[in-house]
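data.csv, holding CSV, C-alpha atoms and all ligand atoms:
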```csv
chain,number,residue,atom,x,y,z
A,58,MET,CA,25.5,23.6,-50.7
A,59,LEU,CA,22.9,25.8,-52.4
A,60,ARG,CA,21.8,28.6,-50.0
A,61,TYR,CA,20.4,32.1,-50.0
A,62,ILE,CA,19.8,35.0,-47.7
A,63,THR,CA,17.3,37.8,-48.2
A,64,SER,CA,17.2,41.3,-46.8
A,65,GLY,CA,14.7,44.1,-47.0
A,66,GLU,CA,11.7,45.7,-45.4
A,67,SER,CA,8.2,45.9,-46.9
A,68,HIS,CA,8.4,49.7,-47.3
A,69,GLY,CA,12.1,50.0,-47.4
A,70,LYS,CA,14.2,51.0,-50.5
A,71,CYS,CA,14.4,47.5,-52.0
A,72,LEU,CA,14.6,43.8,-51.4
A,73,THR,CA,18.0,42.2,-51.9
A,74,SER,CA,19.2,38.7,-51.8
A,75,ILE,CA,22.3,36.6,-52.5
A,76,ILE,CA,22.0,33.1,-53.8
A,77,GLU,CA,25.1,31.0,-53.6
A,78,GLY,CA,25.8,27.6,-55.2
A,79,ILE,CA,24.2,28.1,-58.7
A,80,PRO,CA,26.5,26.3,-61.1
A,81,ALA,CA,28.5,28.1,-63.8
A,82,ASN,CA,27.5,28.4,-67.4
A,83,VAL,CA,23.7,28.4,-67.0
A,84,GLU,CA,22.1,30.9,-69.3
A,85,LEU,CA,19.5,33.0,-67.4
A,86,ASN,CA,16.4,34.3,-69.0
A,87,ILE,CA,15.4,37.5,-67.3
A,88,ASP,CA,11.9,37.6,-68.8
A,89,GLU,CA,11.0,34.3,-67.3
A,90,ILE,CA,12.1,35.5,-63.9
A,91,ASN,CA,10.1,38.7,-64.2
A,92,SER,CA,7.1,36.7,-65.5
A,93,GLU,CA,7.1,34.7,-62.2
A,94,LEU,CA,7.3,37.9,-60.2
A,95,LYS,CA,4.4,39.3,-62.1
A,96,LYS,CA,2.3,36.1,-61.4
A,97,ARG,CA,3.0,36.6,-57.7
A,98,GLN,CA,1.6,40.1,-57.8
A,99,CYS,CA,-1.7,39.0,-59.4
A,100,GLY,CA,-4.7,37.2,-57.9
A,101,TYR,CA,-8.2,38.2,-57.0
A,102,GLY,CA,-8.5,39.5,-53.5
A,103,ARG,CA,-5.3,41.4,-53.2
A,104,GLY,CA,-5.2,45.0,-51.8
A,105,GLY,CA,-3.9,48.3,-53.0
A,106,ARG,CA,-0.2,47.7,-52.6
A,107,MET,CA,0.0,45.6,-55.7
A,108,LYS,CA,-1.3,48.5,-57.8
A,109,ILE,CA,1.8,50.5,-56.7
A,110,GLU,CA,4.5,47.8,-57.3
A,111,SER,CA,5.6,46.3,-60.6
A,112,ASP,CA,8.3,43.9,-59.5
A,113,THR,CA,11.2,43.2,-61.7
A,114,ILE,CA,14.6,41.7,-60.9
A,115,ASP,CA,17.9,43.6,-61.2
A,116,ILE,CA,20.8,41.1,-61.2
A,117,LEU,CA,23.8,42.9,-59.7
A,118,SER,CA,26.6,40.3,-59.8
A,119,GLY,CA,27.5,36.6,-60.4
A,120,VAL,CA,26.3,36.7,-64.0
A,121,ARG,CA,28.2,37.8,-67.1
A,122,GLY,CA,26.6,38.3,-70.5
A,123,LYS,CA,23.5,36.3,-69.3
A,124,LYS,CA,25.6,33.3,-68.1
A,125,THR,CA,26.2,32.4,-64.5
A,126,LEU,CA,29.7,32.5,-63.2
A,127,GLY,CA,29.4,30.0,-60.4
A,128,GLY,CA,29.8,32.6,-57.7
A,129,PRO,CA,27.2,34.2,-55.5
A,130,ILE,CA,24.4,36.0,-57.5
A,131,ALA,CA,23.1,39.2,-55.9
A,132,ILE,CA,19.7,40.4,-56.9
A,133,LYS,CA,17.6,43.4,-56.2
A,134,ILE,CA,13.8,44.2,-56.5
A,135,ASN,CA,12.8,47.8,-55.9
A,136,ASN,CA,9.9,48.8,-53.6
A,137,LYS,CA,8.2,51.6,-55.6
A,138,ASP,CA,6.2,52.4,-52.5
A,139,TYR,CA,9.4,53.5,-50.8
A,140,GLU,CA,8.9,57.0,-52.4
A,141,ASN,CA,5.8,57.4,-50.2
A,142,TRP,CA,7.6,56.0,-47.1
A,143,THR,CA,11.1,57.7,-47.4
A,144,LYS,CA,10.5,60.0,-44.4
A,145,TYR,CA,9.5,57.0,-42.2
A,146,MET,CA,11.8,54.3,-43.5
A,147,ASN,CA,15.1,56.0,-44.6
A,148,PRO,CA,17.9,53.9,-43.2
A,149,MET,CA,20.4,56.6,-42.4
A,150,GLU,CA,18.6,59.9,-42.1
A,151,GLU,CA,16.4,61.4,-39.3
A,152,ILE,CA,12.9,60.0,-39.7
A,153,ASP,CA,9.4,60.7,-38.6
A,154,ARG,CA,9.0,58.0,-36.0
A,155,GLU,CA,5.5,59.0,-34.8
A,156,SER,CA,3.2,59.1,-37.8
A,157,LYS,CA,3.5,55.5,-38.7
A,158,LYS,CA,4.0,54.1,-35.3
A,159,VAL,CA,2.1,50.9,-34.5
A,160,ASN,CA,1.1,50.4,-30.9
A,161,ASN,CA,-2.1,48.4,-31.3
A,162,VAL,CA,-0.7,45.0,-32.2
A,163,ARG,CA,-2.5,42.6,-34.5
A,164,PRO,CA,-3.4,39.1,-33.2
A,165,GLY,CA,-2.0,36.5,-35.5
A,166,HIS,CA,0.8,38.7,-36.8
A,167,ALA,CA,4.4,38.9,-35.5
A,168,ASP,CA,3.7,42.4,-34.0
A,169,LEU,CA,3.4,41.7,-30.3
A,170,VAL,CA,5.9,38.8,-29.8
A,171,GLY,CA,8.4,40.4,-32.1
A,172,SER,CA,8.2,43.8,-30.3
A,173,LEU,CA,8.6,42.2,-26.8
A,174,LYS,CA,11.4,39.9,-27.9
A,175,TYR,CA,13.5,42.6,-29.7
A,176,ASP,CA,12.6,45.4,-27.3
A,177,PHE,CA,10.7,47.7,-29.6
A,178,ASP,CA,8.0,50.2,-28.6
A,179,ASP,CA,6.9,50.3,-32.3
A,180,ALA,CA,5.6,47.2,-34.0
A,181,ARG,CA,6.5,48.8,-37.3
A,182,ASN,CA,10.0,47.6,-36.7
A,183,VAL,CA,8.6,44.0,-36.7
A,184,LEU,CA,6.0,44.1,-39.4
A,185,GLU,CA,8.2,45.7,-42.0
A,186,ARG,CA,10.4,42.6,-42.0
A,187,SER,CA,7.9,39.9,-41.2
A,188,SER,CA,5.7,41.1,-44.1
A,189,ALA,CA,5.1,38.8,-47.0
A,190,ARG,CA,6.7,41.4,-49.3
A,191,GLU,CA,9.8,39.3,-48.8
A,192,THR,CA,8.3,36.5,-50.8
A,193,ALA,CA,9.1,38.5,-54.0
A,194,SER,CA,12.8,37.6,-53.4
A,195,ARG,CA,11.9,33.9,-52.8
A,196,VAL,CA,10.1,33.9,-56.1
A,197,ALA,CA,13.1,35.3,-57.9
A,198,ILE,CA,15.4,32.7,-56.3
A,199,GLY,CA,13.0,29.9,-57.2
A,200,ALA,CA,12.7,31.2,-60.8
A,201,ILE,CA,16.5,31.1,-61.1
A,202,SER,CA,16.4,27.5,-59.6
A,203,LYS,CA,13.8,26.5,-62.2
A,204,GLN,CA,16.1,27.6,-65.0
A,205,VAL,CA,18.8,25.2,-63.9
A,206,LEU,CA,16.3,22.4,-63.5
A,207,LYS,CA,14.7,23.0,-66.8
A,208,GLU,CA,17.9,21.7,-68.4
A,209,PHE,CA,16.9,18.3,-67.1
A,210,GLY,CA,13.2,18.5,-68.0
A,211,ILE,CA,12.1,19.1,-64.4
A,212,ASP,CA,9.0,21.1,-64.4
A,213,PHE,CA,6.7,22.8,-61.8
A,214,ALA,CA,3.0,23.6,-61.5
A,215,SER,CA,0.8,25.0,-58.8
A,216,HIS,CA,-2.9,25.7,-58.2
A,217,VAL,CA,-5.3,26.7,-55.5
A,218,VAL,CA,-7.5,23.8,-54.4
A,219,GLN,CA,-9.4,25.6,-51.6
A,220,ILE,CA,-10.4,29.1,-50.5
A,221,GLY,CA,-12.4,29.2,-47.3
A,222,ASN,CA,-15.0,26.5,-47.6
A,223,VAL,CA,-14.9,26.2,-51.3
A,224,LYS,CA,-12.7,23.4,-52.7
A,225,ILE,CA,-12.1,21.4,-55.9
A,226,GLU,CA,-13.2,17.8,-55.6
A,227,LYS,CA,-11.4,16.4,-58.7
A,228,ASP,CA,-7.8,15.4,-59.2
A,229,TYR,CA,-6.3,17.3,-62.2
A,230,GLU,CA,-3.3,16.2,-64.2
A,231,PHE,CA,0.0,18.1,-64.2
A,232,ASP,CA,-0.3,19.5,-67.8
A,233,TYR,CA,-3.9,20.6,-67.2
A,234,ILE,CA,-2.8,22.5,-64.1
A,235,LYS,CA,0.1,24.0,-65.8
A,236,GLU,CA,-2.0,25.3,-68.7
A,237,ASN,CA,-4.9,26.5,-66.8
A,238,ALA,CA,-3.8,27.9,-63.4
A,239,ASP,CA,-2.2,31.0,-64.9
A,240,ILE,CA,-5.3,32.1,-66.7
A,241,SER,CA,-7.5,31.9,-63.6
A,242,GLU,CA,-7.7,35.0,-61.3
A,243,VAL,CA,-7.7,32.7,-58.3
A,244,ARG,CA,-5.3,30.0,-59.9
A,245,CYS,CA,-8.2,27.5,-59.8
A,246,VAL,CA,-8.3,25.2,-62.7
A,247,ASP,CA,-12.0,24.2,-62.2
A,248,LYS,CA,-14.2,26.9,-63.8
A,249,ASN,CA,-17.2,26.2,-61.7
A,250,VAL,CA,-15.2,26.2,-58.5
A,251,GLU,CA,-13.4,29.3,-59.6
A,252,GLU,CA,-16.6,31.3,-59.6
A,253,LEU,CA,-17.5,30.1,-56.1
A,254,MET,CA,-14.0,31.0,-54.9
A,255,ILE,CA,-14.4,34.5,-56.2
A,256,GLU,CA,-17.8,34.7,-54.5
A,257,GLU,CA,-16.2,33.5,-51.3
A,258,ILE,CA,-13.6,36.3,-51.5
A,259,ASP,CA,-16.3,38.9,-52.3
A,260,ASN,CA,-18.4,37.8,-49.3
A,261,THR,CA,-15.4,37.9,-47.0
A,262,LYS,CA,-14.5,41.4,-48.2
A,263,GLU,CA,-18.1,42.6,-47.6
A,264,ASN,CA,-17.8,41.3,-44.1
A,265,LYS,CA,-14.5,43.1,-43.7
A,266,ASP,CA,-12.8,39.8,-43.0
A,267,THR,CA,-10.0,37.8,-44.6
A,268,VAL,CA,-9.8,34.2,-45.9
A,269,GLY,CA,-7.2,31.5,-46.2
A,270,GLY,CA,-6.9,28.4,-48.4
A,271,ILE,CA,-5.0,25.5,-49.6
A,272,ILE,CA,-2.4,25.3,-52.4
A,273,GLU,CA,-1.1,22.3,-54.3
A,274,VAL,CA,2.4,22.2,-55.9
A,275,ARG,CA,3.4,19.5,-58.3
A,276,VAL,CA,6.9,18.7,-59.7
A,277,LYS,CA,7.4,16.5,-62.7
A,278,ASN,CA,10.4,14.5,-64.0
A,279,VAL,CA,12.4,14.6,-60.8
A,280,PRO,CA,14.9,11.7,-60.9
A,281,LEU,CA,14.7,8.9,-58.4
A,282,GLY,CA,16.9,9.3,-55.4
A,283,LEU,CA,17.1,13.0,-54.4
A,284,GLY,CA,17.4,13.2,-50.7
A,285,SER,CA,18.4,10.3,-48.4
A,286,TYR,CA,17.0,8.0,-45.7
A,287,VAL,CA,20.3,7.9,-43.8
A,288,HIS,CA,19.8,10.9,-41.5
A,289,PHE,CA,16.9,13.2,-40.6
A,290,ASP,CA,18.4,16.3,-42.0
A,291,ARG,CA,19.1,14.7,-45.3
A,292,LYS,CA,15.5,13.8,-46.1
A,293,ILE,CA,14.1,15.9,-48.9
A,294,ASP,CA,10.6,16.0,-47.4
A,295,ALA,CA,12.0,17.4,-44.2
A,296,HIS,CA,13.5,20.3,-46.2
A,297,LEU,CA,10.4,20.9,-48.2
A,298,ALA,CA,8.4,21.1,-45.0
A,299,MET,CA,10.9,23.5,-43.4
A,300,HIS,CA,11.1,25.9,-46.4
A,301,LEU,CA,7.3,25.9,-46.9
A,302,MET,CA,6.5,26.3,-43.2
A,303,GLY,CA,9.1,29.2,-43.3
A,304,THR,CA,6.9,30.9,-45.9
A,305,GLN,CA,4.8,33.7,-44.4
A,306,ALA,CA,1.3,32.5,-43.4
A,307,ILE,CA,1.8,28.8,-44.1
A,308,LYS,CA,0.5,26.7,-41.2
A,309,GLY,CA,0.5,23.2,-42.6
A,310,VAL,CA,2.3,21.1,-45.2
A,311,GLU,CA,1.2,17.7,-46.5
A,312,ILE,CA,3.0,15.4,-49.0
A,313,GLY,CA,0.8,13.1,-51.0
A,314,VAL,CA,-2.3,12.1,-49.0
A,315,GLY,CA,-0.7,13.8,-46.0
A,316,PHE,CA,-2.8,13.7,-42.8
A,317,ASP,CA,-5.0,11.0,-44.4
A,318,VAL,CA,-2.3,8.5,-43.6
A,319,GLY,CA,-3.7,8.6,-40.1
A,320,ASN,CA,-7.1,7.3,-41.1
A,321,SER,CA,-6.0,4.7,-43.6
A,322,ARG,CA,-4.9,1.0,-43.6
A,323,GLY,CA,-1.5,0.2,-45.0
A,324,SER,CA,-3.0,-1.7,-47.9
A,325,GLU,CA,-4.8,1.5,-49.0
A,326,ILE,CA,-1.9,3.9,-48.7
A,327,MET,CA,1.2,2.3,-50.2
A,328,ASP,CA,2.1,2.6,-53.9
A,329,GLU,CA,2.6,-1.0,-55.0
A,330,ILE,CA,5.6,-1.7,-57.2
A,331,TYR,CA,5.5,-3.3,-60.7
A,332,TYR,CA,8.0,-4.0,-63.4
A,333,GLU,CA,7.2,-4.3,-67.2
A,334,GLN,CA,9.9,-4.3,-69.9
A,335,ASN,CA,8.7,-1.2,-71.7
A,336,LYS,CA,7.9,0.9,-68.6
A,337,GLY,CA,10.6,-0.4,-66.3
A,338,ILE,CA,10.0,-0.2,-62.5
A,339,HIS,CA,6.8,1.7,-61.9
A,340,ARG,CA,3.8,2.2,-59.7
A,341,LYS,CA,0.1,2.6,-60.6
A,342,SER,CA,-0.7,5.1,-57.8
A,343,ASN,CA,1.1,8.0,-56.2
A,344,LYS,CA,-0.5,8.3,-52.8
A,345,LEU,CA,2.7,9.1,-51.0
A,346,GLY,CA,3.3,12.0,-53.3
A,347,GLY,CA,6.6,10.9,-54.9
A,348,ILE,CA,8.7,10.6,-51.8
A,349,GLU,CA,9.6,7.4,-49.9
A,350,GLY,CA,12.1,7.3,-47.0
A,351,GLY,CA,13.0,10.9,-47.5
A,352,MET,CA,14.0,10.3,-51.2
A,353,THR,CA,12.2,11.1,-54.4
A,354,THR,CA,10.8,8.0,-56.2
A,355,GLY,CA,10.8,9.5,-59.6
A,356,ASP,CA,7.0,9.9,-59.5
A,357,GLU,CA,5.4,13.3,-59.5
A,358,ILE,CA,5.9,15.2,-56.2
A,359,VAL,CA,2.6,16.4,-54.8
A,360,ILE,CA,2.6,18.9,-51.9
A,361,ARG,CA,-0.3,20.8,-50.3
A,362,CYS,CA,0.2,23.9,-48.1
A,363,ALA,CA,-2.4,25.5,-45.9
A,364,MET,CA,-2.3,29.3,-45.7
A,365,LYS,CA,-3.9,31.1,-42.9
A,366,PRO,CA,-6.1,34.2,-43.5
A,367,ILE,CA,-4.2,37.5,-43.4
A,368,PRO,CA,-4.3,38.9,-39.8
A,369,THR,CA,-4.9,42.5,-40.8
A,370,LEU,CA,-8.7,42.8,-40.7
A,371,TYR,CA,-10.8,45.9,-41.7
A,372,LYS,CA,-13.0,44.8,-38.8
A,373,PRO,CA,-10.2,44.7,-36.3
A,374,LEU,CA,-9.9,42.2,-33.5
A,375,ASN,CA,-9.6,42.8,-29.8
A,376,SER,CA,-6.0,43.6,-28.8
A,377,ILE,CA,-4.0,45.9,-26.7
A,378,ASN,CA,-1.9,49.0,-27.0
A,379,MET,CA,1.4,47.2,-26.2
A,380,ASN,CA,2.9,50.4,-24.7
A,381,THR,CA,0.0,51.5,-22.4
A,382,LEU,CA,-1.4,48.0,-22.0
A,383,GLU,CA,-5.0,49.4,-22.5
A,384,ASN,CA,-7.5,47.4,-24.5
A,385,TYR,CA,-7.8,48.5,-28.1
A,386,LYS,CA,-8.8,47.3,-31.5
A,387,ALA,CA,-5.8,46.2,-33.5
A,388,THR,CA,-4.3,48.5,-36.1
A,389,VAL,CA,-5.6,48.5,-39.6
A,390,GLU,CA,-3.3,49.3,-42.5
A,391,ARG,CA,-4.0,48.3,-46.1
A,392,SER,CA,-4.7,44.6,-46.3
A,393,ASP,CA,-5.4,41.9,-48.8
A,394,THR,CA,-8.7,40.0,-48.4
A,395,CYS,CA,-7.1,36.9,-49.8
A,396,ALA,CA,-3.5,36.2,-50.9
A,397,VAL,CA,-3.8,32.5,-51.5
A,398,PRO,CA,-3.4,32.7,-55.3
A,399,ALA,CA,-0.2,34.7,-54.9
A,400,CYS,CA,1.0,32.3,-52.2
A,401,SER,CA,0.6,29.5,-54.7
A,402,VAL,CA,3.2,31.1,-56.9
A,403,VAL,CA,5.4,31.6,-53.9
A,404,CYS,CA,5.2,28.0,-52.7
A,405,GLU,CA,5.9,26.7,-56.2
A,406,ASN,CA,9.1,28.7,-56.3
A,407,VAL,CA,10.1,27.8,-52.7
A,408,VAL,CA,9.8,24.1,-53.8
A,409,ALA,CA,11.9,24.8,-56.9
A,410,PHE,CA,14.8,26.0,-54.6
A,411,VAL,CA,14.6,22.9,-52.5
A,412,ILE,CA,14.5,20.5,-55.4
A,413,LEU,CA,17.6,22.3,-56.9
A,414,LYS,CA,19.4,22.1,-53.6
A,415,PHE,CA,19.1,18.3,-53.5
A,416,PHE,CA,19.7,18.0,-57.2
A,417,LEU,CA,23.0,19.8,-57.0
A,418,GLU,CA,23.9,17.8,-53.8
A,419,LYS,CA,23.6,14.7,-55.9
A,420,PHE,CA,25.1,15.8,-59.2
A,421,GLY,CA,27.6,18.5,-58.2
A,422,HIS,CA,27.9,22.3,-58.2
A,423,ASP,CA,30.6,23.5,-60.5
A,424,SER,CA,29.6,23.7,-64.1
A,425,ILE,CA,26.3,22.8,-65.8
A,426,GLU,CA,28.3,20.6,-68.3
A,427,GLN,CA,29.8,18.5,-65.4
A,428,ILE,CA,26.4,18.2,-63.8
A,429,LYS,CA,24.9,16.9,-67.1
A,430,GLU,CA,27.6,14.3,-67.3
A,431,ASN,CA,27.0,13.1,-63.8
A,432,TYR,CA,23.3,13.1,-64.3
A,433,ASN,CA,23.4,11.1,-67.5
A,434,SER,CA,25.7,8.5,-66.0
A,435,TYR,CA,23.4,8.1,-63.0
A,436,ILE,CA,20.3,7.8,-65.2
A,437,CYS,CA,22.2,5.1,-67.2
A,438,ARG,CA,23.1,3.2,-64.1
A,439,LEU,CA,19.4,3.3,-62.9
A,440,GLY,CA,18.5,2.0,-66.4
A,441,ASP,CA,20.7,-1.0,-65.8
A,442,ARG,CA,18.7,-1.7,-62.6
A,443,GLY,CA,15.3,-1.4,-64.4
A,444,TRP,CA,14.4,2.2,-63.7
A,445,LYS,CA,13.6,4.4,-66.7
A,446,ARG,CA,13.2,8.1,-67.0
A,447,ILE,CA,9.8,8.6,-68.4
B,1,LIG,C1,1.7,42.7,-46.1
B,1,LIG,C2,0.8,43.7,-46.1
B,1,LIG,C3,0.5,44.4,-47.4
B,1,LIG,C4,0.6,43.4,-48.5
B,1,LIG,C5,2.1,42.9,-48.5
B,1,LIG,C6,2.2,42.0,-47.3
B,1,LIG,O1,1.4,45.4,-47.7
B,1,LIG,P1,1.0,47.0,-47.5
B,1,LIG,O2,0.9,47.1,-46.0
B,1,LIG,O3,2.1,47.8,-48.0
B,1,LIG,O4,-0.3,47.2,-48.1
B,1,LIG,O5,0.3,44.0,-49.8
B,1,LIG,O6,2.4,42.2,-49.6
B,1,LIG,C7,3.3,42.8,-50.4
B,1,LIG,C8,3.8,44.0,-50.3
B,1,LIG,C9,3.8,41.9,-51.5
B,1,LIG,O7,4.6,42.3,-52.3
B,1,LIG,O8,3.2,40.8,-51.5
B,1,LIG,C10,2.0,42.1,-44.8
B,1,LIG,O9,1.8,42.7,-43.8
B,1,LIG,O10,2.6,41.0,-44.7
```
Give the structure from the file, written as structure tokens.
Ligand code: EPS
Amino acid sequence: MLRYITSGESHGKCLTSIIEGIPANVELNIDEINSELKKRQCGYGRGGRMKIESDTIDILSGVRGKKTLGGPIAIKINNKDYENWTKYMNPMEEIDRESKKVNNVRPGHADLVGSLKYDFDDARNVLERSSARETASRVAIGAISKQVLKEFGIDFASHVVQIGNVKIEKDYEFDYIKENADISEVRCVDKNVEELMIEEIDNTKENKDTVGGIIEVRVKNVPLGLGSYVHFDRKIDAHLAMHLMGTQAIKGVEIGVGFDVGNSRGSEIMDEIYYEQNKGIHRKSNKLGGIEGGMTTGDEIVIRCAMKPIPTLYKPLNSINMNTLENYKATVERSDTCAVPACSVVCENVVAFVILKFFLEKFGHDSIEQIKENYNSYICRLGDRGWKRI
């Protein structure tokens, strides 16, 4: 089973992770991984921290001469900001516990509940780990996953479809999204809407507030039949939802038309099935987002994620000092006005991990050569039943 674990605090020495289950003999391209990390750091509306960091991956083990060995892969991303935080964050030396102590907990953040649950009088112990800094590791893991899936033509795209009240109204094709999202500061592929999104972020910043948004992730060329209907914990949509909801600040996940299933008739929402000799089994619509009965249909996977506004406001909200229980305004540290564009890169890579997990579950884990044989034989069998890989 493909799995990973991450470790690291936002202002600690570094972020580390171990990913286990990547097959042997996959050639890794470090530049492609670093380019995903760079994309995550960009985006209009981010705060000062991203000017300090320049995230790159250091692969520590599990790879030899650029080729995976089939064992756990350990990776490291340094926190450059640690230099400024050594005297507050050093793991094994005496530290200054007072200067950066957080008493005035932020509503909407993990600060209060985390401190009460773990018995801390300093919410810094919570916020350092709950911080979205950890998503840098998730992006690196997703970028490695993508490199395995690329061998089978499986491709990913993501874009921002809404920031605050500004949203795109048109449906864009995969290739258009792929070509245009990266060149937009807000990862919006509609030029007119892009300007309005930037205005929305500027207005929010002027008001010392923060703003959320909606991200769309698409996956192309996924074979039919990843996941299963036989048990709840084998459904691929269940895992996509879990991994995405487990991403900092994500509050909702929809697949295909999502919540609109609740206001539609069956005749409007199902993707009717056809067969033609040259196309094989196919559908003319994709309202259910490429997943039926917890399994991929072979059509594009379409997922939307809602990100909440960041809870650190320069116009702080009412809260308490959790140690004296007096009313206070919440603590303000550096904050991002909007991190939705960065989160779109994160969600795309989180999805890549889940797709790889189910891909390997179906086709095996050992060597990429064996997986290719299994994959080709499955695609052949599907061909005999009338399903063609497009
Ligand atoms: C974050 C707060 C900010 C963000 C950070 C997530 O960090 P800082 O307090 O150091 O300014 O910039 O995001 C990252 C460091 C990152 O790499 O995305 C938080 O509280 O979640």
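Between atom CA of Ala200 of chain A and atom CA of Ile312 of chain A lies a distance of 22.0 Å.
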*Selected residue, from A:Ile377, A:Cys395, A:Ile116, A:Leu283, that lies nearest to ligand LIG 1 (chain B) when counting all atoms listed in the file*: A:Cys395
*asked:* Just the number, please: distance in Å from atom CA of Met379 of chain A to atom CA of Asn161 of chain A, one decimal.
replied: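 It comes out at 6.3 Å.
Close to (5.5, 56.0, -40.1), meaning no more than 12 Å away when counting all atoms listed in the file, sit the residues A:His68, A:Gly69, A:Tyr139, A:Asn141, A:Trp142, A:Thr143, A:Lys144, A:Tyr145, A:Met146, A:Asn147, A:Ile152, A:Asp153, A:Arg154, A:Glu155, A:Ser156, A:Lys157, A:Lys158, A:Val159, A:Asn160, A:Asp179, A:Ala180, A:Arg181, A:Asn182, A:Leu184, A:Glu185, A:Glu390.
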*asked:* As a quick test: using all atoms listed in the file, which residues lie no more than 7 Å away from ligand LIG 1 (chain B)? Give them as an MDAnalysis selection string.
replied: chainID A and resid 67:68 98 104:107 184 187:193 390:393
*Find the residue from A:Lys248, A:Phe209, A:Thr388, A:Leu59 that sits nearest to Asn433 of chain A; use all atoms listed in the file when measuring.*
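That would be A:Phe209, the residue with the smallest distance to Asn433 of chain A.
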*Skip Lys133 of chain A itself and residues of its chain fewer than 4 positions away, then list as a count of residues only all residues within 6 Å of it, counting all atoms listed in the file.*
4
_as a count of residues only, please: the residues near Lys372 of chain A (cut-off 8 Å, all atoms listed in the file, same-chain neighbours under 3 positions excluded)._
3
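Distances from A:Asn380, A:Leu85, A:Lys386, A:Thr354 to Ser202 of chain A were compared using only C-alpha atoms, and the smallest one belongs to A:Leu85.
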*By how many Å are atom CA of Ser424 of chain A and atom CA of Pro80 of chain A apart?*
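That distance, rounded to one decimal, is 5.0 Å.
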*Could you pull the residues within 9 Å of Val276 of chain A, counting all atoms listed in the file, minus those fewer than 4 positions along the same chain, as a PyMOL selection string?*
chain A and resi 211-215+231+356-360+405+408-409+412
*asked:* Considering all atoms listed in the file, can you say which of A:Glu418, A:Asp247, A:Asp232, A:Glu329 comes closest to Arg291 of chain A?
replied: A:Glu418
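Considering only C-alpha atoms, the residue among A:Ala396, A:Lys445, A:Cys362, A:Glu311 positioned nearest to Leu345 of chain A is A:Glu311.
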Complete the atoms of segment 192-206 of chain A to N, CA and C atoms and put them out as an mmCIF file, in the coordinates of the input.
```cif
data_model
loop_
_atom_site.group_PDB
_atom_site.id
_atom_site.type_symbol
_atom_site.label_atom_id
_atom_site.label_comp_id
_atom_site.auth_asym_id
_atom_site.auth_seq_id
_atom_site.Cartn_x
_atom_site.Cartn_y
_atom_site.Cartn_z
ATOM 1 N N THR A 192 8.465 37.643 -49.927
ATOM 2 C CA THR A 192 8.300 36.500 -50.800
ATOM 3 C C THR A 192 8.613 36.817 -52.274
ATOM 4 N N ALA A 193 8.679 38.115 -52.605
ATOM 5 C CA ALA A 193 9.100 38.500 -54.000
ATOM 6 C C ALA A 193 10.514 37.958 -54.219
ATOM 7 N N SER A 194 11.385 38.099 -53.212
ATOM 8 C CA SER A 194 12.800 37.600 -53.400
ATOM 9 C C SER A 194 12.767 36.084 -53.498
ATOM 10 N N ARG A 195 11.925 35.415 -52.719
ATOM 11 C CA ARG A 195 11.900 33.900 -52.800
ATOM 12 C C ARG A 195 11.446 33.464 -54.141
ATOM 13 N N VAL A 196 10.539 34.236 -54.736
ATOM 14 C CA VAL A 196 10.100 33.900 -56.100
ATOM 15 C C VAL A 196 11.207 34.026 -57.093
ATOM 16 N N ALA A 197 11.950 35.117 -56.978
ATOM 17 C CA ALA A 197 13.100 35.300 -57.900
ATOM 18 C C ALA A 197 14.097 34.219 -57.775
ATOM 19 N N ILE A 198 14.380 33.814 -56.548
ATOM 20 C CA ILE A 198 15.400 32.700 -56.300
ATOM 21 C C ILE A 198 14.843 31.419 -56.854
ATOM 22 N N GLY A 199 13.560 31.162 -56.656
ATOM 23 C CA GLY A 199 13.000 29.900 -57.200
ATOM 24 C C GLY A 199 12.960 29.953 -58.723
ATOM 25 N N ALA A 200 12.733 31.128 -59.291
ATOM 26 C CA ALA A 200 12.700 31.200 -60.800
ATOM 27 C C ALA A 200 14.085 30.957 -61.349
ATOM 28 N N ILE A 201 15.130 31.392 -60.654
ATOM 29 C CA ILE A 201 16.500 31.100 -61.100
ATOM 30 C C ILE A 201 16.728 29.566 -60.963
ATOM 31 N N SER A 202 16.290 28.997 -59.854
ATOM 32 C CA SER A 202 16.400 27.500 -59.600
ATOM 33 C C SER A 202 15.762 26.760 -60.738
ATOM 34 N N LYS A 203 14.570 27.194 -61.123
ATOM 35 C CA LYS A 203 13.800 26.500 -62.200
ATOM 36 C C LYS A 203 14.590 26.475 -63.491
ATOM 37 N N GLN A 204 15.344 27.555 -63.738
ATOM 38 C CA GLN A 204 16.100 27.600 -65.000
ATOM 39 C C GLN A 204 17.190 26.597 -65.077
ATOM 40 N N VAL A 205 17.770 26.266 -63.930
ATOM 41 C CA VAL A 205 18.800 25.200 -63.900
ATOM 42 C C VAL A 205 18.096 23.861 -64.135
ATOM 43 N N LEU A 206 16.993 23.651 -63.435
ATOM 44 C CA LEU A 206 16.300 22.400 -63.500
ATOM 45 C C LEU A 206 15.642 22.075 -64.825
#
```
